[in-house]
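> What follows is query_26.cif; its format and atoms are mmCIF, C-alpha atoms.
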```cif
data_query
loop_
_atom_site.label_atom_id
_atom_site.label_comp_id
_atom_site.auth_asym_id
_atom_site.auth_seq_id
_atom_site.Cartn_x
_atom_site.Cartn_y
_atom_site.Cartn_z
CA MET A 1 -9.61 89.60 70.29
CA ILE A 2 -9.53 93.04 71.75
CA ALA A 3 -11.45 95.33 69.49
CA ASN A 4 -9.25 97.96 67.89
CA ALA A 5 -11.70 100.54 69.25
CA ARG A 6 -10.21 100.09 72.70
CA PHE A 7 -6.83 101.14 71.34
CA ARG A 8 -8.52 104.25 69.95
CA ASP A 9 -10.35 105.26 73.12
CA GLU A 10 -10.85 109.03 73.05
CA ASN A 11 -10.78 109.59 76.82
CA LEU A 12 -7.65 107.53 77.25
CA SER A 13 -6.00 109.37 74.34
CA LYS A 14 -6.74 112.73 75.94
CA ARG A 15 -5.26 111.52 79.21
CA VAL A 16 -2.05 110.34 77.51
CA ALA A 17 -1.77 113.66 75.68
CA GLN A 18 -2.20 115.41 79.02
CA LYS A 19 0.54 113.22 80.53
CA ILE A 20 2.86 114.08 77.61
CA HIS A 21 2.18 117.79 78.26
CA GLU A 22 3.01 117.32 81.97
CA VAL A 23 6.26 115.43 81.33
CA ALA A 24 7.37 117.66 78.47
CA ALA A 25 6.75 120.93 80.34
CA SER A 26 10.23 120.93 81.88
CA GLU A 27 11.98 119.83 78.67
CA GLY A 28 13.41 121.81 75.77
CA SER A 29 12.69 120.95 72.14
CA VAL A 30 12.32 117.23 71.51
CA LYS A 31 12.48 115.76 68.01
CA ILE A 32 11.18 112.21 67.66
CA CYS A 33 11.53 110.28 64.41
CA HIS A 34 9.49 107.31 63.23
CA VAL A 35 10.47 105.17 60.26
CA CYS A 36 7.22 103.60 59.12
CA GLY A 37 4.63 104.83 56.65
CA THR A 38 1.85 103.27 58.70
CA HIS A 39 2.96 105.29 61.73
CA GLU A 40 2.81 108.43 59.60
CA TRP A 41 -0.69 107.44 58.50
CA THR A 42 -1.83 106.97 62.12
CA ILE A 43 -0.22 110.26 63.23
CA THR A 44 -1.69 112.25 60.33
CA HIS A 45 -5.06 110.55 60.09
CA PHE A 46 -5.82 110.87 63.82
CA GLY A 47 -4.30 114.35 64.15
CA ILE A 48 -1.82 113.24 66.79
CA ARG A 49 0.55 116.16 66.13
CA SER A 50 -2.24 118.55 67.14
CA LEU A 51 -2.46 116.87 70.57
CA LEU A 52 1.25 117.36 71.36
CA PRO A 53 2.85 120.29 73.17
CA SER A 54 4.67 122.76 70.92
CA ASN A 55 8.12 121.55 72.03
CA ILE A 56 7.50 117.96 70.85
CA GLU A 57 8.01 117.42 67.13
CA VAL A 58 7.42 114.08 65.41
CA ILE A 59 9.04 113.66 62.00
CA ALA A 60 8.72 110.92 59.38
CA GLY A 61 11.88 109.06 58.37
CA PRO A 62 12.38 106.74 55.37
CA GLY A 63 9.54 104.36 56.24
CA CYS A 64 8.01 103.87 52.82
CA PRO A 65 9.61 100.87 51.10
CA VAL A 66 8.36 101.95 47.68
CA CYS A 67 9.64 105.52 48.04
CA ILE A 68 13.24 104.51 48.69
CA VAL A 69 13.67 102.19 45.69
CA PRO A 70 16.32 104.01 43.64
CA ALA A 71 15.59 104.96 40.04
CA SER A 72 18.33 102.56 38.88
CA GLU A 73 16.33 99.59 40.19
CA ILE A 74 13.12 100.84 38.54
CA ASP A 75 15.22 101.18 35.35
CA GLU A 76 16.28 97.53 35.71
CA ALA A 77 12.64 96.46 35.99
CA VAL A 78 11.74 98.59 32.97
CA GLN A 79 14.60 97.06 30.96
CA LEU A 80 13.41 93.56 31.87
CA ALA A 81 9.87 94.48 30.84
CA MET A 82 11.09 95.84 27.50
CA LYS A 83 12.88 92.51 26.92
CA LYS A 84 9.45 90.85 26.75
CA VAL A 85 9.70 89.51 30.29
CA THR A 86 6.46 89.77 32.27
CA VAL A 87 7.22 91.86 35.35
CA THR A 88 5.03 91.26 38.42
CA CYS A 89 5.04 93.81 41.24
CA PHE A 90 3.01 95.29 44.10
CA GLY A 91 0.53 97.96 43.01
CA ASP A 92 2.42 100.84 44.63
CA VAL A 93 5.55 100.12 42.62
CA LEU A 94 3.90 100.70 39.25
CA ARG A 95 4.10 104.49 39.27
CA VAL A 96 7.44 105.01 41.03
CA PRO A 97 9.53 107.17 38.67
CA GLY A 98 12.56 105.62 37.01
CA SER A 99 15.28 107.76 35.42
CA LYS A 100 13.12 108.27 32.35
CA ARG A 101 10.04 106.19 32.85
CA SER A 102 8.03 104.21 35.36
CA LEU A 103 6.73 100.68 34.98
CA LEU A 104 3.35 102.22 34.19
CA ASP A 105 4.97 104.10 31.27
CA ALA A 106 6.53 100.82 30.13
CA ARG A 107 3.11 99.18 30.29
CA ALA A 108 1.66 101.98 28.17
CA ALA A 109 4.45 101.22 25.67
CA GLY A 110 3.24 97.62 25.43
CA ALA A 111 5.19 95.81 28.16
CA ASP A 112 3.43 93.08 30.15
CA ILE A 113 3.43 94.31 33.75
CA ARG A 114 1.07 92.77 36.26
CA ILE A 115 0.10 93.79 39.76
CA VAL A 116 0.18 91.04 42.38
CA TYR A 117 -1.02 90.86 45.97
CA SER A 118 1.79 88.53 47.02
CA VAL A 119 4.79 86.70 45.59
CA GLU A 120 2.60 83.58 45.48
CA ASP A 121 0.53 85.21 42.72
CA ALA A 122 3.69 85.56 40.63
CA VAL A 123 4.54 81.88 41.21
CA ARG A 124 1.02 80.87 40.19
CA MET A 125 1.13 82.96 37.01
CA ALA A 126 4.50 81.49 36.01
CA ARG A 127 3.18 77.94 36.57
CA ASN A 128 0.05 78.62 34.54
CA GLU A 129 1.85 80.25 31.59
CA VAL A 130 4.87 78.05 30.98
CA GLY A 131 5.69 79.64 27.62
CA LYS A 132 6.35 83.07 29.19
CA ASP A 133 9.20 84.42 31.28
CA PHE A 134 8.24 86.09 34.59
CA VAL A 135 10.09 88.27 37.07
CA PHE A 136 8.90 89.15 40.57
CA PHE A 137 10.07 92.65 41.52
CA ALA A 138 10.64 92.13 45.25
CA VAL A 139 10.36 95.49 47.02
CA GLY A 140 9.97 95.93 50.77
CA PHE A 141 11.62 95.95 54.18
CA GLU A 142 12.05 93.07 56.63
CA THR A 143 8.26 92.70 56.77
CA THR A 144 8.11 91.61 53.12
CA ALA A 145 11.47 89.92 52.54
CA PRO A 146 10.55 86.67 54.37
CA SER A 147 7.69 85.96 51.94
CA THR A 148 10.09 86.26 48.99
CA ALA A 149 12.50 83.93 50.80
CA VAL A 150 9.77 81.35 51.53
CA GLU A 151 9.09 80.93 47.83
CA LEU A 152 12.77 80.20 47.16
CA VAL A 153 13.84 78.10 50.11
CA GLY A 154 12.86 74.46 50.22
CA LYS A 155 10.63 74.83 47.17
CA SER A 156 11.51 74.99 43.56
CA PRO A 157 10.02 78.05 41.93
CA PRO A 158 9.07 77.44 38.28
CA GLU A 159 12.04 77.75 35.89
CA ASN A 160 10.37 80.61 34.03
CA LEU A 161 10.28 82.78 37.19
CA SER A 162 13.21 84.84 38.43
CA PHE A 163 13.54 87.62 41.00
CA LEU A 164 14.62 91.25 40.96
CA ILE A 165 15.46 91.83 44.62
CA SER A 166 15.11 95.36 46.03
CA HIS A 167 14.64 94.50 49.69
CA ARG A 168 16.16 96.87 52.24
CA LEU A 169 16.82 96.73 56.00
CA ILE A 170 15.53 99.42 58.35
CA PRO A 171 18.03 99.54 61.29
CA PRO A 172 20.97 100.64 59.08
CA ALA A 173 18.85 103.54 57.78
CA MET A 174 18.01 104.50 61.39
CA GLU A 175 21.73 104.52 62.15
CA LEU A 176 22.31 106.85 59.20
CA LEU A 177 19.65 109.23 60.57
CA VAL A 178 21.04 109.25 64.09
CA ARG A 179 24.50 110.06 62.70
CA MET A 180 23.17 113.06 60.76
CA ARG A 181 24.20 115.69 63.26
CA ASP A 182 22.05 118.44 61.75
CA LEU A 183 18.92 116.31 62.11
CA ASN A 184 19.30 116.48 65.92
CA LEU A 185 17.12 113.52 66.78
CA ASP A 186 16.15 112.87 70.41
CA GLY A 187 14.27 109.58 70.07
CA PHE A 188 13.01 106.84 67.77
CA ILE A 189 9.60 105.28 67.40
CA ALA A 190 10.71 101.93 65.95
CA PRO A 191 8.50 100.23 63.35
CA GLY A 192 6.15 97.61 64.82
CA HIS A 193 5.64 95.45 61.77
CA VAL A 194 9.34 95.23 60.86
CA SER A 195 9.94 94.40 64.53
CA THR A 196 7.55 91.43 64.47
CA ILE A 197 10.17 89.86 62.20
CA ILE A 198 13.52 91.16 63.51
CA GLY A 199 12.62 91.40 67.22
CA LEU A 200 14.26 93.89 69.57
CA ARG A 201 17.98 93.10 69.39
CA PRO A 202 18.81 95.14 66.23
CA TYR A 203 17.66 98.33 68.01
CA GLU A 204 19.86 97.89 71.10
CA ILE A 205 22.60 99.92 69.45
CA PHE A 206 20.49 103.10 69.57
CA PRO A 207 20.23 103.57 73.35
CA LYS A 208 23.61 101.92 74.00
CA THR A 209 25.83 103.64 71.44
CA TYR A 210 23.85 106.76 70.57
CA LYS A 211 21.99 107.40 73.86
CA MET A 212 18.80 107.48 71.84
CA PRO A 213 15.50 106.54 73.54
CA THR A 214 13.88 103.92 71.30
CA VAL A 215 10.36 102.53 71.63
CA VAL A 216 8.90 99.84 69.37
CA ALA A 217 5.28 100.84 68.78
CA GLY A 218 2.06 99.52 67.31
CA PHE A 219 -0.19 101.38 64.92
CA GLU A 220 -3.28 102.44 66.83
CA PRO A 221 -3.41 106.07 68.01
CA LEU A 222 -2.91 105.02 71.64
CA ASP A 223 0.13 102.93 70.68
CA VAL A 224 1.76 105.97 69.10
CA LEU A 225 0.77 108.36 71.89
CA PHE A 226 2.14 105.99 74.52
CA ALA A 227 5.38 105.55 72.57
CA ILE A 228 5.80 109.35 72.55
CA TYR A 229 5.03 109.46 76.28
CA MET A 230 7.59 106.70 76.98
CA ILE A 231 10.27 108.50 74.93
CA VAL A 232 9.71 111.87 76.61
CA ASN A 233 9.76 110.13 79.99
CA GLN A 234 13.11 108.51 79.18
CA ILE A 235 14.49 111.92 78.16
CA LYS A 236 13.21 113.50 81.38
CA GLU A 237 14.81 110.77 83.48
CA GLY A 238 18.03 110.89 81.47
CA LYS A 239 17.89 107.12 80.95
CA PRO A 240 17.76 106.24 77.26
CA GLN A 241 16.66 102.65 76.75
CA LEU A 242 14.92 100.27 74.39
CA GLU A 243 11.27 99.63 75.28
CA ASN A 244 8.60 97.58 73.58
CA GLU A 245 5.14 99.13 73.58
CA TYR A 246 3.79 96.65 71.00
CA VAL A 247 4.04 93.51 73.17
CA ARG A 248 0.90 91.98 71.65
CA ALA A 249 2.77 91.45 68.37
CA VAL A 250 6.50 91.95 68.93
CA HIS A 251 8.57 89.42 70.85
CA ARG A 252 12.14 89.96 71.90
CA GLU A 253 13.46 87.28 69.51
CA GLY A 254 11.18 88.29 66.61
CA ASN A 255 9.91 85.72 64.12
CA VAL A 256 12.67 83.12 64.17
CA LYS A 257 11.24 81.10 61.27
CA ALA A 258 11.22 84.22 59.09
CA GLN A 259 14.78 85.11 60.09
CA GLU A 260 15.96 81.59 59.21
CA VAL A 261 14.54 81.62 55.68
CA MET A 262 15.95 85.10 55.10
CA ARG A 263 19.41 83.97 56.24
CA LYS A 264 19.30 80.99 53.86
CA VAL A 265 18.27 82.96 50.80
CA PHE A 266 19.85 86.39 51.17
CA ASP A 267 23.25 87.96 51.70
CA ILE A 268 23.54 91.47 53.11
CA SER A 269 25.35 94.16 51.13
CA ASP A 270 25.58 97.95 50.95
CA GLY A 271 22.54 99.43 49.25
CA ASN A 272 21.49 102.61 47.52
CA TRP A 273 18.35 104.31 48.87
CA ARG A 274 16.52 106.93 46.83
CA GLY A 275 17.17 110.29 48.41
CA LEU A 276 19.63 108.92 50.96
CA GLY A 277 22.43 107.41 48.88
CA GLU A 278 24.47 104.37 49.84
CA ILE A 279 23.80 102.89 53.29
CA PRO A 280 26.22 100.21 54.56
CA SER A 281 24.79 96.70 55.10
CA SER A 282 21.25 97.75 54.23
CA ARG A 283 20.41 95.65 51.18
CA LEU A 284 19.39 92.03 50.70
CA MET A 285 20.77 90.19 47.66
CA LEU A 286 20.24 86.60 46.57
CA SER A 287 23.02 84.45 48.01
CA HIS A 288 25.28 82.32 45.78
CA ASP A 289 23.04 79.24 46.13
CA TYR A 290 20.09 81.13 44.66
CA GLU A 291 21.89 83.01 41.86
CA ALA A 292 20.04 80.94 39.25
CA PHE A 293 16.92 82.92 40.18
CA ASP A 294 18.59 86.34 39.88
CA ALA A 295 16.84 88.18 37.04
CA LEU A 296 19.78 90.59 36.56
CA LEU A 297 22.16 87.70 35.85
CA LYS A 298 19.67 85.64 33.86
CA TYR A 299 18.82 88.46 31.44
CA LYS A 300 22.20 90.28 31.61
CA ILE A 301 20.69 93.56 32.79
CA GLN A 302 23.09 96.33 33.73
CA VAL A 303 22.12 99.83 34.79
CA GLU A 304 25.15 101.94 35.65
CA ARG A 305 23.34 104.73 37.48
CA GLY A 306 19.90 106.19 37.73
CA VAL A 307 18.49 109.69 38.09
CA ASP A 308 16.63 109.79 41.41
CA ALA A 309 15.57 113.42 41.76
CA GLN A 310 13.26 115.26 39.44
CA HIS A 311 13.66 119.05 39.09
CA GLY A 312 12.17 120.89 42.08
CA CYS A 313 11.21 117.69 43.93
CA GLN A 314 12.03 117.74 47.66
CA CYS A 315 11.56 114.01 48.29
CA HIS A 316 15.19 113.61 49.41
CA LEU A 317 14.47 116.07 52.27
CA VAL A 318 10.91 114.88 52.99
CA ILE A 319 12.20 111.32 53.41
CA ILE A 320 14.38 112.30 56.38
CA GLY A 321 11.83 114.68 57.86
CA LYS A 322 13.88 117.82 57.12
CA THR A 323 11.17 119.28 54.91
CA LYS A 324 7.43 118.96 55.38
CA PRO A 325 5.48 117.97 52.25
CA THR A 326 3.57 121.26 52.50
CA ASP A 327 6.90 123.14 52.21
CA CYS A 328 7.74 121.52 48.86
CA PRO A 329 6.96 123.90 45.99
CA LEU A 330 5.52 121.03 43.93
CA PHE A 331 3.20 119.60 46.63
CA MET A 332 -0.40 119.45 45.36
CA LYS A 333 0.57 121.74 42.48
CA ALA A 334 2.81 119.97 39.96
CA CYS A 335 2.91 116.85 42.17
CA THR A 336 -0.39 115.16 43.10
CA PRO A 337 -1.49 111.59 43.84
CA GLN A 338 -2.98 111.49 40.34
CA LYS A 339 0.24 112.73 38.72
CA PRO A 340 3.14 112.22 41.14
CA VAL A 341 6.55 113.75 40.43
CA GLY A 342 8.42 112.32 43.41
CA ALA A 343 8.35 108.82 44.87
CA CYS A 344 6.99 110.12 48.23
CA MET A 345 3.73 110.97 46.43
CA VAL A 346 3.45 107.49 44.91
CA GLY A 347 3.51 104.82 47.61
CA SER A 348 0.51 104.59 49.93
CA GLU A 349 3.03 104.82 52.78
CA GLY A 350 4.76 107.88 51.30
CA THR A 351 4.65 110.98 53.50
CA CYS A 352 3.50 113.27 50.67
CA ARG A 353 0.80 110.83 49.60
CA ILE A 354 -0.50 110.56 53.20
CA TRP A 355 -0.44 114.34 53.68
CA ALA A 356 -2.16 114.83 50.32
CA ARG A 357 -5.14 112.87 51.61
CA THR A 358 -5.34 114.46 55.02
CA VAL A 359 -3.53 117.75 55.49
CA LYS A 360 -5.06 121.02 54.37
CA MET A 361 -2.74 123.31 52.45
CA PRO A 362 -1.86 126.48 54.37
CA LYS A 363 -3.43 129.56 52.79
CA MET B 1 -5.81 98.84 49.32
CA LEU B 2 -4.98 95.15 49.42
CA MET B 3 -2.77 95.56 46.34
CA GLU B 4 -0.67 98.07 48.23
CA MET B 5 2.19 96.90 50.34
CA CYS B 6 3.79 97.47 53.71
CA LEU B 7 0.49 97.39 55.56
CA ALA B 8 -0.05 94.54 57.97
CA ILE B 9 -3.65 93.84 58.90
CA PRO B 10 -4.99 91.69 61.78
CA ALA B 11 -7.24 88.79 60.83
CA LYS B 12 -8.80 85.76 62.54
CA VAL B 13 -7.86 82.27 61.36
CA VAL B 14 -10.98 80.37 60.24
CA THR B 15 -9.57 77.18 58.70
CA ILE B 16 -6.09 75.76 58.10
CA LYS B 17 -4.99 73.33 55.41
CA GLN B 18 -1.23 72.62 55.31
CA ASP B 19 0.54 75.96 54.73
CA LYS B 20 -2.64 77.85 53.79
CA ALA B 21 -5.29 79.35 56.04
CA LYS B 22 -8.57 81.10 55.42
CA VAL B 23 -8.57 84.27 57.51
CA ASP B 24 -11.34 86.73 58.32
CA PHE B 25 -10.38 90.41 58.16
CA GLY B 26 -13.85 91.42 59.39
CA GLY B 27 -16.53 93.14 57.39
CA GLY B 28 -17.06 90.03 55.28
CA VAL B 29 -13.53 89.99 53.84
CA VAL B 30 -12.17 86.44 53.92
CA ARG B 31 -8.94 85.54 52.14
CA GLU B 32 -6.57 82.65 51.84
CA VAL B 33 -3.12 83.46 53.22
CA ASN B 34 0.16 81.59 53.59
CA VAL B 35 0.96 80.57 57.18
CA THR B 36 4.42 79.02 56.61
CA LEU B 37 6.10 81.70 58.74
CA VAL B 38 3.97 81.23 61.88
CA THR B 39 2.74 78.47 64.19
CA VAL B 40 -0.94 79.10 64.37
CA GLY B 41 -4.30 77.48 65.19
CA VAL B 42 -7.93 78.07 64.27
CA GLY B 43 -9.31 81.03 66.23
CA ASP B 44 -5.91 82.74 66.58
CA TYR B 45 -5.40 86.27 65.35
CA VAL B 46 -2.55 86.90 62.92
CA LEU B 47 -0.96 89.94 61.30
CA VAL B 48 -1.19 89.53 57.54
CA HIS B 49 1.23 91.27 55.20
CA ALA B 50 1.32 90.77 51.41
CA GLY B 51 -0.50 87.44 51.59
CA TYR B 52 1.57 85.99 54.46
CA ALA B 53 0.80 85.76 58.16
CA ILE B 54 3.92 87.28 59.73
CA GLN B 55 3.09 87.06 63.44
CA VAL B 56 0.47 85.75 65.85
CA LEU B 57 -1.22 88.41 67.99
CA ASP B 58 -1.31 87.72 71.71
CA LYS B 59 -4.71 88.37 73.31
CA GLU B 60 -3.39 88.25 76.86
CA GLU B 61 -0.67 90.78 76.03
CA ALA B 62 -3.26 93.03 74.38
CA LEU B 63 -5.37 92.98 77.55
CA GLU B 64 -2.29 93.51 79.71
CA THR B 65 -1.31 96.55 77.62
CA LEU B 66 -4.72 98.12 78.15
CA ARG B 67 -4.56 97.36 81.86
CA LEU B 68 -1.09 98.90 82.15
CA TRP B 69 -2.10 102.00 80.27
CA ASN B 70 -5.03 102.53 82.59
CA GLU B 71 -2.80 101.97 85.57
CA ILE B 72 -0.19 104.47 84.35
CA LEU B 73 -2.88 107.04 83.76
CA GLU B 74 -4.79 106.20 86.95
CA PHE B 75 -7.70 106.18 84.62
CA GLU B 76 -11.13 105.50 86.08
CA PRO B 77 -13.19 103.73 83.44
CA LYS B 78 -16.83 104.68 83.34
CA PRO B 79 -19.03 102.05 85.03
#
```
What is this structure when it is put down as structure tokens?

Amino acid sequence: MIANARFRDENLSKRVAQKIHEVAASEGSVKICHVCGTHEWTITHFGIRSLLPSNIEVIAGPGCPVCIVPASEIDEAVQLAMKKVTVTCFGDVLRVPGSKRSLLDARAAGADIRIVYSVEDAVRMARNEVGKDFVFFAVGFETTAPSTAVELVGKSPPENLSFLISHRLIPPAMELLVRMRDLNLDGFIAPGHVSTIIGLRPYEIFPKTYKMPTVVAGFEPLDVLFAIYMIVNQIKEGKPQLENEYVRAVHREGNVKAQEVMRKVFDISDGNWRGLGEIPSSRLMLSHDYEAFDALLKYKIQVERGVDAQHGCQCHLVIIGKTKPTDCPLFMKACTPQKPVGACMVGSEGTCRIWARTVKMPK
Amino acid sequence: MLMEMCLAIPAKVVTIKQDKAKVDFGGGVVREVNVTLVTVGVGDYVLVHAGYAIQVLDKEEALETLRLWNEILEFEPKP
């Protein structure tokens, strides 16, 4: 395989940056939005913003699947855990704030909450401990949802395992952003990993309906730099279109097998996103055929509404790129990776968490 | 890091047995992953996310991308 080093080539990176400067010189302000935590990591870690001309701004959209889980769904998981059900979840989810407490708080209060690497771990635990009830808290975008679906479709998960589904879909959130007039977006860097599953078709709406240059990009520094170059070029030529920079992993049709299992297991409904509110057709729910595995129905859990924002926390603005983490009054003061206040400081893909590791506070 | 989600990491397929494969992430990290979602062979590179291979990486396309980039930039690689 091609060594990743070749996608990080310093000379080539400098040349792309130079090209971006040349193309952007005749343009006004350009605001490009990405919607993936891994893109934010690449951009921040490799200092890509420092290579760009001053009229090109790259902002981070809601690309952290952990950060956008609303407090009400954390509350549901906490309620399940307090009912003596063993809740299994990804490590990032543990410290996401609920209305009053996180799953970590629930664990401190005696609940059995276990971190898993994949949904298969939850299945294995349930099979090995038949006397206990287990729930898998399924968080994640289209990249993660197929693995949840695989465990349900065609197999019979153990009877003592049910699912709390919090999966969300990225293109509807992108549509919300593009319709926010005051955000004034000029282009999208579309998320490469989500795109390996969904392919290119779901993004066609952005250039067609919204005249928004859209480039699917990989996660090496050169991938991101080239995506920016391609977007600025489209703007310069006045021809917004959908382009795929990440051809080594993303095919036009996506991963058809993954799409099929998702279609069998899930229905699409409107969904609440922390900091963004309700987004039409953005949530995956278990379809009628799989209701028997729905933890909310099985344990009669009902949470009317949750409290998403903590006092002073700017996560709802950070998540759409309106506020930089360093402009939040809590950033690295009351809110740190060790003691996060907002969800953006919790998930490893959260913008605040990434900036906390990399960005120096202005003096 | 492996307990955290959303990341997808490339790995080389070492062995395959039914829907499971041993994959090498490099640096001595070898793990068993589920390959139900992909059609894959030994020696292929896959993107692994939360214990599942989600896509096969295309070596030819990777080389083509590098070639195209160099062409766009009229970049002269050092001999």
> So that each row is one residue of chain B with an atom at most 9 Å from chain A, can you give its shortest atom pair and the distance in Å to one decimal, using only C-alpha atoms, rows by chain and rising number, as JSON lines?

```
{"residue": "B:Met1", "atom": "CA", "partner": "A:Ser348", "partner_atom": "CA", "distance": 8.6}
{"residue": "B:Leu2", "atom": "CA", "partner": "A:Tyr117", "partner_atom": "CA", "distance": 6.8}
{"residue": "B:Met3", "atom": "CA", "partner": "A:Tyr117", "partner_atom": "CA", "distance": 5.0}
{"residue": "B:Glu4", "atom": "CA", "partner": "A:Gly91", "partner_atom": "CA", "distance": 5.4}
{"residue": "B:Met5", "atom": "CA", "partner": "A:Phe90", "partner_atom": "CA", "distance": 6.5}
{"residue": "B:Cys6", "atom": "CA", "partner": "A:Gly140", "partner_atom": "CA", "distance": 7.0}
{"residue": "B:Leu7", "atom": "CA", "partner": "A:Thr38", "partner_atom": "CA", "distance": 6.8}
{"residue": "B:Ala8", "atom": "CA", "partner": "A:His193", "partner_atom": "CA", "distance": 6.9}
{"residue": "B:Lys12", "atom": "CA", "partner": "A:Met1", "partner_atom": "CA", "distance": 8.7}
{"residue": "B:Asn34", "atom": "CA", "partner": "A:Glu120", "partner_atom": "CA", "distance": 8.7}
{"residue": "B:Thr36", "atom": "CA", "partner": "A:Val150", "partner_atom": "CA", "distance": 7.7}
{"residue": "B:Leu37", "atom": "CA", "partner": "A:Ala258", "partner_atom": "CA", "distance": 5.7}
{"residue": "B:Val38", "atom": "CA", "partner": "A:Lys257", "partner_atom": "CA", "distance": 7.3}
{"residue": "B:Asp44", "atom": "CA", "partner": "A:Met1", "partner_atom": "CA", "distance": 8.6}
{"residue": "B:Tyr45", "atom": "CA", "partner": "A:Met1", "partner_atom": "CA", "distance": 7.3}
{"residue": "B:Val46", "atom": "CA", "partner": "A:Ala249", "partner_atom": "CA", "distance": 8.9}
{"residue": "B:Leu47", "atom": "CA", "partner": "A:Ala249", "partner_atom": "CA", "distance": 8.1}
{"residue": "B:His49", "atom": "CA", "partner": "A:Thr144", "partner_atom": "CA", "distance": 7.2}
{"residue": "B:Ala50", "atom": "CA", "partner": "A:Ser118", "partner_atom": "CA", "distance": 5.0}
{"residue": "B:Gly51", "atom": "CA", "partner": "A:Ser118", "partner_atom": "CA", "distance": 5.2}
{"residue": "B:Tyr52", "atom": "CA", "partner": "A:Ser147", "partner_atom": "CA", "distance": 6.6}
{"residue": "B:Ile54", "atom": "CA", "partner": "A:Ile197", "partner_atom": "CA", "distance": 7.2}
{"residue": "B:Gln55", "atom": "CA", "partner": "A:Thr196", "partner_atom": "CA", "distance": 6.3}
{"residue": "B:Val56", "atom": "CA", "partner": "A:Ala249", "partner_atom": "CA", "distance": 6.6}
{"residue": "B:Leu57", "atom": "CA", "partner": "A:Ala249", "partner_atom": "CA", "distance": 5.0}
{"residue": "B:Asp58", "atom": "CA", "partner": "A:Arg248", "partner_atom": "CA", "distance": 4.8}
{"residue": "B:Lys59", "atom": "CA", "partner": "A:Met1", "partner_atom": "CA", "distance": 5.9}
{"residue": "B:Glu60", "atom": "CA", "partner": "A:Arg248", "partner_atom": "CA", "distance": 7.7}
{"residue": "B:Glu61", "atom": "CA", "partner": "A:Arg248", "partner_atom": "CA", "distance": 4.8}
{"residue": "B:Ala62", "atom": "CA", "partner": "A:Arg248", "partner_atom": "CA", "distance": 5.1}
{"residue": "B:Leu63", "atom": "CA", "partner": "A:Ile2", "partner_atom": "CA", "distance": 7.1}
{"residue": "B:Glu64", "atom": "CA", "partner": "A:Arg248", "partner_atom": "CA", "distance": 8.8}
{"residue": "B:Thr65", "atom": "CA", "partner": "A:Val247", "partner_atom": "CA", "distance": 7.6}
{"residue": "B:Leu66", "atom": "CA", "partner": "A:Phe7", "partner_atom": "CA", "distance": 7.7}
{"residue": "B:Trp69", "atom": "CA", "partner": "A:Phe226", "partner_atom": "CA", "distance": 8.2}
{"residue": "B:Asn70", "atom": "CA", "partner": "A:Leu12", "partner_atom": "CA", "distance": 7.8}
{"residue": "B:Leu73", "atom": "CA", "partner": "A:Arg15", "partner_atom": "CA", "distance": 6.8}
{"residue": "B:Phe75", "atom": "CA", "partner": "A:Leu12", "partner_atom": "CA", "distance": 7.5}
```
> Keeping only C-alpha atoms, write the selected residues as a short mmCIF file (atom, residue, chain, number, x, y, z; two decimals), in the frame of the given file.

```
data_model
loop_
_atom_site.label_atom_id
_atom_site.label_comp_id
_atom_site.auth_asym_id
_atom_site.auth_seq_id
_atom_site.Cartn_x
_atom_site.Cartn_y
_atom_site.Cartn_z
CA MET B 1 -5.81 98.84 49.32
CA LEU B 2 -4.98 95.15 49.42
CA MET B 3 -2.77 95.56 46.34
CA GLU B 4 -0.67 98.07 48.23
CA MET B 5 2.19 96.90 50.34
CA CYS B 6 3.79 97.47 53.71
CA LEU B 7 0.49 97.39 55.56
CA ALA B 8 -0.05 94.54 57.97
CA LYS B 12 -8.80 85.76 62.54
CA ASN B 34 0.16 81.59 53.59
CA THR B 36 4.42 79.02 56.61
CA LEU B 37 6.10 81.70 58.74
CA VAL B 38 3.97 81.23 61.88
CA ASP B 44 -5.91 82.74 66.58
CA TYR B 45 -5.40 86.27 65.35
CA VAL B 46 -2.55 86.90 62.92
CA LEU B 47 -0.96 89.94 61.30
CA HIS B 49 1.23 91.27 55.20
CA ALA B 50 1.32 90.77 51.41
CA GLY B 51 -0.50 87.44 51.59
CA TYR B 52 1.57 85.99 54.46
CA ILE B 54 3.92 87.28 59.73
CA GLN B 55 3.09 87.06 63.44
CA VAL B 56 0.47 85.75 65.85
CA LEU B 57 -1.22 88.41 67.99
CA ASP B 58 -1.31 87.72 71.71
CA LYS B 59 -4.71 88.37 73.31
CA GLU B 60 -3.39 88.25 76.86
CA GLU B 61 -0.67 90.78 76.03
CA ALA B 62 -3.26 93.03 74.38
CA LEU B 63 -5.37 92.98 77.55
CA GLU B 64 -2.29 93.51 79.71
CA THR B 65 -1.31 96.55 77.62
CA LEU B 66 -4.72 98.12 78.15
CA TRP B 69 -2.10 102.00 80.27
CA ASN B 70 -5.03 102.53 82.59
CA LEU B 73 -2.88 107.04 83.76
CA PHE B 75 -7.70 106.18 84.62
#
```
> So, with only C-alpha atoms as the atoms that count, which of B:Ile9, B:Val14, B:Ala53, B:Val48 lies closest to Val30 of chain B?
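Distance minimum relative to Val30 of chain B lands on B:Val14.
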> Calculate how many Å separate atom CA of Thr86 of chain A from atom CA of Val265 of chain A, rounding to one decimal.
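Calculated distance between atom CA of Thr86 of chain A and atom CA of Val265 of chain A is 23.0 Å.
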> In the coordinates of the file, take the point (26.8, 81.4, 51.2) and a cut-off of 9 Å; then, counting all atoms listed in the file, name each qualifying protein, DNA or RNA residue as a list in words.
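Those within range, by chain then number, are Lys264, Val265, Phe266, Asp267, Ser287, His288 and Asp289 of chain A.
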